[in-house]
$ cat start-v3.pdb   # PDB, C-alpha atoms
ATOM      1  CA  MET W   1     -96.318 -86.943 -78.406  1.00  0.00           C
ATOM      2  CA  SER W   2     -97.261 -88.200 -81.808  1.00  0.00           C
ATOM      3  CA  TRP W   3     -98.784 -91.393 -83.022  1.00  0.00           C
ATOM      4  CA  ASN W   4     -98.405 -92.802 -86.470  1.00  0.00           C
ATOM      5  CA  HIS W   5    -101.775 -92.360 -88.207  1.00  0.00           C
ATOM      6  CA  ASN W   6    -100.742 -93.756 -91.558  1.00  0.00           C
ATOM      7  CA  GLY W   7    -102.232 -97.157 -90.836  1.00  0.00           C
ATOM      8  CA  ALA W   8     -98.920 -98.868 -90.128  1.00  0.00           C
ATOM      9  CA  GLY W   9    -100.093 -99.474 -86.572  1.00  0.00           C
ATOM     10  CA  GLN W  10     -96.818 -98.585 -84.850  1.00  0.00           C
ATOM     11  CA  PRO W  11     -96.414 -95.553 -82.627  1.00  0.00           C
ATOM     12  CA  GLN W  12     -93.595 -93.182 -83.453  1.00  0.00           C
ATOM     13  CA  MET W  13     -93.205 -92.661 -79.719  1.00  0.00           C
ATOM     14  CA  MET W  14     -94.700 -94.852 -77.033  1.00  0.00           C
ATOM     15  CA  GLY W  15     -95.704 -92.013 -74.697  1.00  0.00           C
ATOM     16  CA  ILE W  16     -92.765 -92.726 -72.430  1.00  0.00           C
ATOM     17  CA  GLU W  17     -92.793 -89.093 -71.307  1.00  0.00           C
ATOM     18  CA  TYR W  18     -96.083 -89.823 -69.499  1.00  0.00           C
ATOM     19  CA  LEU W  19     -94.890 -93.017 -67.825  1.00  0.00           C
ATOM     20  CA  ASP W  20     -93.875 -91.418 -64.505  1.00  0.00           C
ATOM     21  CA  GLY W  21     -97.088 -89.429 -64.295  1.00  0.00           C
ATOM     22  CA  LEU W  22     -99.229 -92.460 -65.056  1.00  0.00           C
ATOM     23  CA  TYR W  23     -97.330 -94.486 -62.467  1.00  0.00           C
ATOM     24  CA  SER W  24     -97.790 -91.759 -59.838  1.00  0.00           C
ATOM     25  CA  TYR W  25    -101.500 -91.621 -60.574  1.00  0.00           C
ATOM     26  CA  ALA W  26    -101.720 -95.413 -60.428  1.00  0.00           C
ATOM     27  CA  MET W  27     -99.990 -95.309 -57.020  1.00  0.00           C
ATOM     28  CA  VAL W  28    -102.583 -92.827 -55.776  1.00  0.00           C
ATOM     29  CA  LEU W  29    -105.332 -95.179 -56.874  1.00  0.00           C
ATOM     30  CA  THR W  30    -103.842 -98.544 -55.879  1.00  0.00           C
ATOM     31  CA  ARG W  31    -101.448 -97.675 -53.026  1.00  0.00           C
ATOM     32  CA  ASN W  32     -99.383-100.669 -54.118  1.00  0.00           C
ATOM     33  CA  HIS W  33     -96.245-100.697 -56.284  1.00  0.00           C
ATOM     34  CA  ALA W  34     -96.951-103.968 -58.092  1.00  0.00           C
ATOM     35  CA  ASP W  35    -100.594-103.089 -58.772  1.00  0.00           C
ATOM     36  CA  ALA W  36     -99.571 -99.630 -60.015  1.00  0.00           C
ATOM     37  CA  GLU W  37     -97.027-101.146 -62.382  1.00  0.00           C
ATOM     38  CA  ASP W  38     -99.617-103.618 -63.680  1.00  0.00           C
ATOM     39  CA  LEU W  39    -102.128-100.801 -64.141  1.00  0.00           C
ATOM     40  CA  VAL W  40     -99.674 -98.712 -66.173  1.00  0.00           C
ATOM     41  CA  GLN W  41     -98.673-101.728 -68.261  1.00  0.00           C
ATOM     42  CA  GLU W  42    -102.307-102.521 -69.013  1.00  0.00           C
ATOM     43  CA  THR W  43    -102.875 -98.857 -69.915  1.00  0.00           C
ATOM     44  CA  TYR W  44    -100.118 -98.937 -72.524  1.00  0.00           C
ATOM     45  CA  THR W  45    -101.268-102.320 -73.823  1.00  0.00           C
ATOM     46  CA  ARG W  46    -104.782-100.997 -74.420  1.00  0.00           C
ATOM     47  CA  ALA W  47    -103.513 -97.709 -75.829  1.00  0.00           C
ATOM     48  CA  ILE W  48    -101.374 -99.483 -78.420  1.00  0.00           C
ATOM     49  CA  LYS W  49    -104.345-101.605 -79.487  1.00  0.00           C
ATOM     50  CA  ALA W  50    -106.588 -98.545 -79.859  1.00  0.00           C
ATOM     51  CA  MET W  51    -104.149 -96.026 -81.334  1.00  0.00           C
ATOM     52  CA  GLN W  52    -105.289 -96.577 -84.938  1.00  0.00           C
ATOM     53  CA  LYS W  53    -108.678 -95.143 -83.957  1.00  0.00           C
ATOM     54  CA  LEU W  54    -107.215 -91.874 -82.653  1.00  0.00           C
ATOM     55  CA  ARG W  55    -107.668 -88.585 -84.438  1.00  0.00           C
ATOM     56  CA  ALA W  56    -104.559 -86.526 -85.072  1.00  0.00           C
ATOM     57  CA  ASP W  57    -105.706 -83.790 -82.655  1.00  0.00           C
ATOM     58  CA  THR W  58    -106.273 -86.159 -79.692  1.00  0.00           C
ATOM     59  CA  ASN W  59    -104.906 -85.089 -76.304  1.00  0.00           C
ATOM     60  CA  ILE W  60    -102.705 -88.154 -75.768  1.00  0.00           C
ATOM     61  CA  LYS W  61    -101.838 -87.396 -72.145  1.00  0.00           C
ATOM     62  CA  GLY W  62    -105.478 -87.012 -71.121  1.00  0.00           C
ATOM     63  CA  TRP W  63    -106.408 -90.071 -73.171  1.00  0.00           C
ATOM     64  CA  LEU W  64    -103.808 -92.238 -71.390  1.00  0.00           C
ATOM     65  CA  PHE W  65    -104.927 -91.029 -67.950  1.00  0.00           C
ATOM     66  CA  THR W  66    -108.545 -91.778 -68.892  1.00  0.00           C
ATOM     67  CA  ILE W  67    -107.626 -95.308 -69.978  1.00  0.00           C
ATOM     68  CA  LEU W  68    -105.785 -95.864 -66.693  1.00  0.00           C
ATOM     69  CA  LYS W  69    -108.739 -94.567 -64.651  1.00  0.00           C
ATOM     70  CA  ASN W  70    -111.204 -96.772 -66.572  1.00  0.00           C
ATOM     71  CA  ILE W  71    -109.044 -99.867 -66.072  1.00  0.00           C
ATOM     72  CA  TRP W  72    -108.871 -99.077 -62.350  1.00  0.00           C
ATOM     73  CA  PHE W  73    -112.673 -98.758 -62.136  1.00  0.00           C
ATOM     74  CA  ASN W  74    -113.078-102.088 -63.930  1.00  0.00           C
ATOM     75  CA  GLN W  75    -110.667-103.733 -61.478  1.00  0.00           C
ATOM     76  CA  LEU W  76    -112.542-102.234 -58.536  1.00  0.00           C
ATOM     77  CA  ARG W  77    -115.829-103.610 -59.808  1.00  0.00           C
ATOM     78  CA  LYS W  78    -114.283-107.079 -60.055  1.00  0.00           C
ATOM     79  CA  ARG W  79    -112.813-106.866 -56.530  1.00  0.00           C
ATOM     80  CA  ARG W  80    -115.844-105.276 -54.901  1.00  0.00           C
ATOM     81  CA  THR W  81    -116.530-108.357 -52.777  1.00  0.00           C
ATOM     82  CA  THR W  82    -113.005-108.477 -51.321  1.00  0.00           C
ATOM     83  CA  PRO W  83    -111.642-104.967 -50.771  1.00  0.00           C
ATOM     84  CA  GLN W  84    -107.961-104.777 -49.981  1.00  0.00           C
ATOM     85  CA  LEU W  85    -106.019-101.790 -48.631  1.00  0.00           C
ATOM     86  CA  ILE W  86    -102.252-101.698 -48.690  1.00  0.00           C
ATOM     87  CA  GLU W  87    -100.147 -98.824 -47.334  1.00  0.00           C
ATOM     88  CA  ILE W  88     -97.853 -96.948 -49.692  1.00  0.00           C
ATOM     89  CA  GLU W  89     -94.252 -96.499 -48.659  1.00  0.00           C
ATOM     90  CA  ALA W  90     -93.616 -92.761 -48.666  1.00  0.00           C
ATOM     91  CA  GLY W  91     -90.249 -91.553 -49.832  1.00  0.00           C
ATOM     92  CA  ASP W  92     -89.585 -94.482 -52.134  1.00  0.00           C
ATOM     93  CA  GLY W  93     -89.348 -92.347 -55.275  1.00  0.00           C
ATOM     94  CA  ILE W  94     -86.232 -91.442 -57.173  1.00  0.00           C
ATOM     95  CA  ALA W  95     -86.955 -87.741 -56.681  1.00  0.00           C
ATOM     96  CA  ASN W  96     -86.156 -88.130 -52.978  1.00  0.00           C
ATOM     97  CA  LYS W  97     -82.711 -89.490 -53.768  1.00  0.00           C
ATOM     98  CA  ILE W  98     -81.564 -86.517 -55.840  1.00  0.00           C
ATOM     99  CA  VAL W  99     -79.181 -84.349 -53.854  1.00  0.00           C
ATOM    100  CA  GLU W 100     -78.830 -80.648 -54.491  1.00  0.00           C
ATOM    101  CA  PRO W 101     -75.150 -79.756 -54.077  1.00  0.00           C
ATOM    102  CA  SER W 102     -75.978 -76.181 -53.040  1.00  0.00           C
ATOM    103  CA  LYS W 103     -77.772 -77.269 -49.850  1.00  0.00           C
ATOM    104  CA  ASN W 104     -76.063 -78.192 -46.626  1.00  0.00           C
ATOM    105  CA  SER W 105     -76.987 -81.352 -44.756  1.00  0.00           C
ATOM    106  CA  HIS W 106     -79.423 -79.595 -42.389  1.00  0.00           C
ATOM    107  CA  ASP W 107     -81.288 -77.982 -45.301  1.00  0.00           C
ATOM    108  CA  LEU W 108     -81.441 -81.347 -47.078  1.00  0.00           C
ATOM    109  CA  TYR W 109     -82.814 -82.977 -43.925  1.00  0.00           C
ATOM    110  CA  VAL W 110     -85.466 -80.272 -43.479  1.00  0.00           C
ATOM    111  CA  SER W 111     -86.401 -80.464 -47.162  1.00  0.00           C
ATOM    112  CA  LYS W 112     -86.718 -84.257 -46.989  1.00  0.00           C
ATOM    113  CA  LEU W 113     -88.784 -84.002 -43.807  1.00  0.00           C
ATOM    114  CA  GLU W 114     -91.127 -81.464 -45.408  1.00  0.00           C
ATOM    115  CA  THR W 115     -91.510 -83.631 -48.510  1.00  0.00           C
ATOM    116  CA  GLU W 116     -92.341 -86.647 -46.360  1.00  0.00           C
ATOM    117  CA  GLN W 117     -94.883 -84.627 -44.379  1.00  0.00           C
ATOM    118  CA  VAL W 118     -96.602 -83.425 -47.544  1.00  0.00           C
ATOM    119  CA  ARG W 119     -96.662 -86.945 -49.019  1.00  0.00           C
ATOM    120  CA  ALA W 120     -98.046 -88.368 -45.776  1.00  0.00           C
ATOM    121  CA  ALA W 121    -100.718 -85.666 -45.632  1.00  0.00           C
ATOM    122  CA  ILE W 122    -101.700 -86.343 -49.255  1.00  0.00           C
ATOM    123  CA  GLN W 123    -101.959 -90.075 -48.547  1.00  0.00           C
ATOM    124  CA  GLU W 124    -104.383 -89.352 -45.696  1.00  0.00           C
ATOM    125  CA  LEU W 125    -106.791 -87.572 -48.033  1.00  0.00           C
ATOM    126  CA  PRO W 126    -109.763 -89.483 -49.478  1.00  0.00           C
ATOM    127  CA  VAL W 127    -109.058 -90.883 -52.954  1.00  0.00           C
ATOM    128  CA  GLU W 128    -111.149 -88.267 -54.819  1.00  0.00           C
ATOM    129  CA  PHE W 129    -109.002 -85.532 -53.251  1.00  0.00           C
ATOM    130  CA  ARG W 130    -105.693 -87.405 -53.687  1.00  0.00           C
ATOM    131  CA  GLU W 131    -106.295 -87.949 -57.382  1.00  0.00           C
ATOM    132  CA  VAL W 132    -107.326 -84.362 -58.123  1.00  0.00           C
ATOM    133  CA  ILE W 133    -104.253 -83.022 -56.234  1.00  0.00           C
ATOM    134  CA  LEU W 134    -101.957 -85.385 -58.145  1.00  0.00           C
ATOM    135  CA  LEU W 135    -103.446 -84.620 -61.546  1.00  0.00           C
ATOM    136  CA  ARG W 136    -103.366 -80.840 -61.013  1.00  0.00           C
ATOM    137  CA  GLU W 137    -100.276 -80.207 -58.906  1.00  0.00           C
ATOM    138  CA  TYR W 138     -97.965 -82.998 -60.035  1.00  0.00           C
ATOM    139  CA  GLU W 139     -99.150 -83.750 -63.573  1.00  0.00           C
ATOM    140  CA  ASP W 140    -100.140 -80.149 -64.357  1.00  0.00           C
ATOM    141  CA  LEU W 141    -103.323 -81.176 -66.167  1.00  0.00           C
ATOM    142  CA  SER W 142    -105.863 -78.410 -66.831  1.00  0.00           C
ATOM    143  CA  TYR W 143    -109.227 -78.442 -65.059  1.00  0.00           C
ATOM    144  CA  ARG W 144    -110.855 -79.554 -68.312  1.00  0.00           C
ATOM    145  CA  GLU W 145    -108.363 -82.415 -68.739  1.00  0.00           C
ATOM    146  CA  ILE W 146    -108.908 -83.542 -65.151  1.00  0.00           C
ATOM    147  CA  ALA W 147    -112.675 -83.417 -65.673  1.00  0.00           C
ATOM    148  CA  SER W 148    -112.254 -85.623 -68.721  1.00  0.00           C
ATOM    149  CA  VAL W 149    -110.102 -88.139 -66.831  1.00  0.00           C
ATOM    150  CA  LEU W 150    -112.441 -88.247 -63.813  1.00  0.00           C
ATOM    151  CA  HIS W 151    -115.658 -88.113 -65.883  1.00  0.00           C
ATOM    152  CA  CYS W 152    -117.086 -85.176 -63.954  1.00  0.00           C
ATOM    153  CA  PRO W 153    -117.867 -81.501 -64.617  1.00  0.00           C
ATOM    154  CA  VAL W 154    -115.109 -78.881 -64.473  1.00  0.00           C
ATOM    155  CA  GLY W 155    -116.905 -77.246 -61.544  1.00  0.00           C
ATOM    156  CA  THR W 156    -116.640 -80.482 -59.581  1.00  0.00           C
ATOM    157  CA  VAL W 157    -112.905 -80.601 -60.285  1.00  0.00           C
ATOM    158  CA  MET W 158    -112.503 -77.040 -59.046  1.00  0.00           C
ATOM    159  CA  SER W 159    -114.576 -77.757 -55.948  1.00  0.00           C
ATOM    160  CA  ARG W 160    -112.682 -80.972 -55.125  1.00  0.00           C
ATOM    161  CA  LEU W 161    -109.357 -79.254 -55.671  1.00  0.00           C
ATOM    162  CA  GLY W 162    -110.334 -76.419 -53.346  1.00  0.00           C
ATOM    163  CA  ARG W 163    -111.488 -78.830 -50.650  1.00  0.00           C
ATOM    164  CA  ALA W 164    -108.409 -81.016 -51.156  1.00  0.00           C
ATOM    165  CA  ARG W 165    -106.087 -78.051 -50.741  1.00  0.00           C
ATOM    166  CA  GLU W 166    -107.941 -76.918 -47.617  1.00  0.00           C
ATOM    167  CA  LYS W 167    -107.764 -80.406 -46.084  1.00  0.00           C
ATOM    168  CA  LEU W 168    -104.072 -80.576 -46.986  1.00  0.00           C
ATOM    169  CA  ARG W 169    -103.414 -77.170 -45.380  1.00  0.00           C
ATOM    170  CA  ALA W 170    -105.237 -78.266 -42.226  1.00  0.00           C
ATOM    171  CA  ALA W 171    -103.334 -81.555 -42.037  1.00  0.00           C
ATOM    172  CA  LEU W 172     -99.984 -79.852 -42.581  1.00  0.00           C
ATOM    173  CA  SER W 173    -100.852 -77.151 -40.053  1.00  0.00           C
ATOM    174  CA  GLU W 174    -101.660 -79.849 -37.499  1.00  0.00           C
ATOM    175  CA  THR W 175     -98.370 -81.585 -38.266  1.00  0.00           C
ATOM    176  CA  LEU W 176     -96.527 -78.299 -37.827  1.00  0.00           C
ATOM    177  CA  LYS W 177     -98.187 -77.722 -34.450  1.00  0.00           C
ATOM    178  CA  LYS W 178     -97.068 -81.156 -33.291  1.00  0.00           C
ATOM    179  CA  THR W 179     -93.452 -80.591 -34.330  1.00  0.00           C
ATOM    180  CA  ASP W 180     -93.298 -77.057 -32.866  1.00  0.00           C
ATOM    181  CA  SER W 181     -94.827 -77.896 -29.498  1.00  0.00           C
ATOM    182  CA  PRO W 182     -92.374 -77.541 -26.604  1.00  0.00           C
ATOM    183  CA  SER W 183     -91.012 -80.757 -25.286  1.00  0.00           C
ATOM    184  CA  VAL W 184     -91.513 -81.772 -21.713  1.00  0.00           C
ATOM    185  CA  ARG W 185     -88.699 -80.287 -19.691  1.00  0.00           C
ATOM    186  CA  ASP W 186     -87.238 -81.333 -16.377  1.00  0.00           C
ATOM    187  CA  THR W 187     -88.399 -79.013 -13.645  1.00  0.00           C
ATOM    188  CA  LYS W 188     -85.944 -79.486 -10.859  1.00  0.00           C
TER     189      LYS W 188
END

$ encode --input "start-v3.pdb" --output "structure tokens"
Amino acid sequence: MSWNHNGAGQPQMMGIEYLDGLYSYAMVLTRNHADAEDLVQETYTRAIKAMQKLRADTNIKGWLFTILKNIWFNQLRKRRTTPQLIEIEAGDGIANKIVEPSKNSHDLYVSKLETEQVRAAIQELPVEFREVILLREYEDLSYREIASVLHCPVGTVMSRLGRAREKLRAALSETLKKTDSPSVRDTK
């Protein structure tokens, strides 16, 4: 990712390669498609306005995620008097629609079911755990980059990630127990 630092004010690339990641992170925060789209749009709008102030060695990906997080916090402060929770529709992403030709239909079904279970378990986590899981596991940000985005120490990131993974393991283990339990059989 490079930005034009010659004063012309136009980016050579608009950071499109980070669009999906920013949208996923926005979905974790907002749990609403329209709000997530608005949040990403506002992120790019602010980034374009501020790009002339960037140094050449700036971590663009981390910078964009930080902008998004700050916009979200500002929106939360404004809405503090009327909180609103909206459920996310799991399995609505394009990644779920890609079919691997090497898998048979049963394997595809099991894979889709597992993906849905993981997504559902992630959505049940508190927001501080959801966001750290997304930023580390899906966006592959380093601990330092996550700490910068979340405005917390690296140790806190590591601690949250450990607790998030443990909660996720426990939730998925519980889900597995429910699906493996024997069904009620007729005893005639």

$ closest_residue --input "start-v3.pdb" --among "W:Ala164, W:Met51, W:Leu64, W:Leu76" --to "Asp35 in chain W" --atoms "all atoms listed in the file"
W:Leu76

$ atom_distance --input "start-v3.pdb" --atom1 "CA of Phe65 in chain W" --atom2 "CA of Glu114 in chain W"
28.1 Å

$ atom_distance --input "start-v3.pdb" --atom1 "CA of Arg46 in chain W" --atom2 "CA of Thr66 in chain W"
11.4 Å

$ atom_distance --input "start-v3.pdb" --atom1 "CA of Asp57 in chain W" --atom2 "CA of Leu141 in chain W"
16.9 Å

$ resolve_selection --input "start-v3.pdb" --expression "the PyMOL selection byres ((chain W and resi 160) around 10)" --output "list in words"
Glu128, Phe129, Arg130, Glu131, Val132, Ile133, Val154, Gly155, Thr156, Val157, Met158, Ser159, Leu161, Gly162, Arg163, Ala164, Arg165 and Glu166 of chain W

$ closest_residue --input "start-v3.pdb" --among "W:Lys167, W:Pro126, W:Ile60, W:Ala120" --to "Gly15 in chain W" --atoms "all atoms listed in the file"
W:Ile60

$ residues_around --input "start-v3.pdb" --residues "range 18-26 of chain W" --least-positions-apart "4" --cutoff "8 Å" --atoms "only C-alpha atoms" --output "list in words"
Thr30, Arg31, Asp35, Ala36, Glu37, Leu39, Val40, Lys61, Leu64, Phe65, Leu68, Glu131, Leu134, Leu135, Tyr138 and Glu139 of chain W

$ axis_aligned_box --input "start-v3.pdb" --around "range 34-42 of chain W" --padding-each-side "8 Å" --output "lines of an AutoDock Vina configuration file"
center_x = -99.6
center_y = -101.3
center_z = -63.6
size_x = 21.4
size_y = 21.3
size_z = 26.9

$ closest_residue --input "start-v3.pdb" --among "W:Gln41, W:Gln117, W:Thr175, W:Asn59" --to "Arg144 in chain W" --atoms "all atoms listed in the file"
W:Asn59

$ closest_residue --input "start-v3.pdb" --among "W:Leu172, W:Leu125, W:Leu29, W:Val118" --to "Trp72 in chain W" --atoms "all atoms listed in the file"
W:Leu29

$ decode --input "start-v3.pdb" --residues "range 128-139 of chain W" --atoms "N, CA and C atoms" --output "short mmCIF file (atom, residue, chain, number, x, y, z; two decimals), in the first residue's frame"
data_model
loop_
_atom_site.label_atom_id
_atom_site.label_comp_id
_atom_site.auth_asym_id
_atom_site.auth_seq_id
_atom_site.Cartn_x
_atom_site.Cartn_y
_atom_site.Cartn_z
N GLU W 128 -14.81 -7.12 23.37
CA GLU W 128 -13.35 -7.01 23.47
C GLU W 128 -12.65 -8.30 23.05
N PHE W 129 -13.34 -9.44 23.21
CA PHE W 129 -12.78 -10.71 22.75
C PHE W 129 -13.03 -10.93 21.26
N ARG W 130 -14.22 -10.54 20.78
CA ARG W 130 -14.52 -10.68 19.35
C ARG W 130 -13.52 -9.88 18.52
N GLU W 131 -13.27 -8.64 18.92
CA GLU W 131 -12.41 -7.79 18.11
C GLU W 131 -10.97 -8.28 18.11
N VAL W 132 -10.47 -8.77 19.23
CA VAL W 132 -9.09 -9.24 19.27
C VAL W 132 -8.94 -10.53 18.46
N ILE W 133 -9.94 -11.41 18.49
CA ILE W 133 -9.93 -12.63 17.66
C ILE W 133 -9.93 -12.24 16.18
N LEU W 134 -10.79 -11.33 15.79
CA LEU W 134 -10.88 -10.92 14.39
C LEU W 134 -9.56 -10.31 13.92
N LEU W 135 -9.03 -9.38 14.70
CA LEU W 135 -7.82 -8.69 14.28
C LEU W 135 -6.61 -9.63 14.19
N ARG W 136 -6.54 -10.61 15.09
CA ARG W 136 -5.40 -11.53 15.08
C ARG W 136 -5.59 -12.69 14.09
N GLU W 137 -6.71 -13.37 14.20
CA GLU W 137 -6.90 -14.60 13.43
C GLU W 137 -7.36 -14.36 12.00
N TYR W 138 -8.16 -13.35 11.78
CA TYR W 138 -8.68 -13.10 10.43
C TYR W 138 -7.88 -12.03 9.69
N GLU W 139 -7.45 -11.00 10.39
CA GLU W 139 -6.71 -9.92 9.74
C GLU W 139 -5.20 -10.08 9.87
#
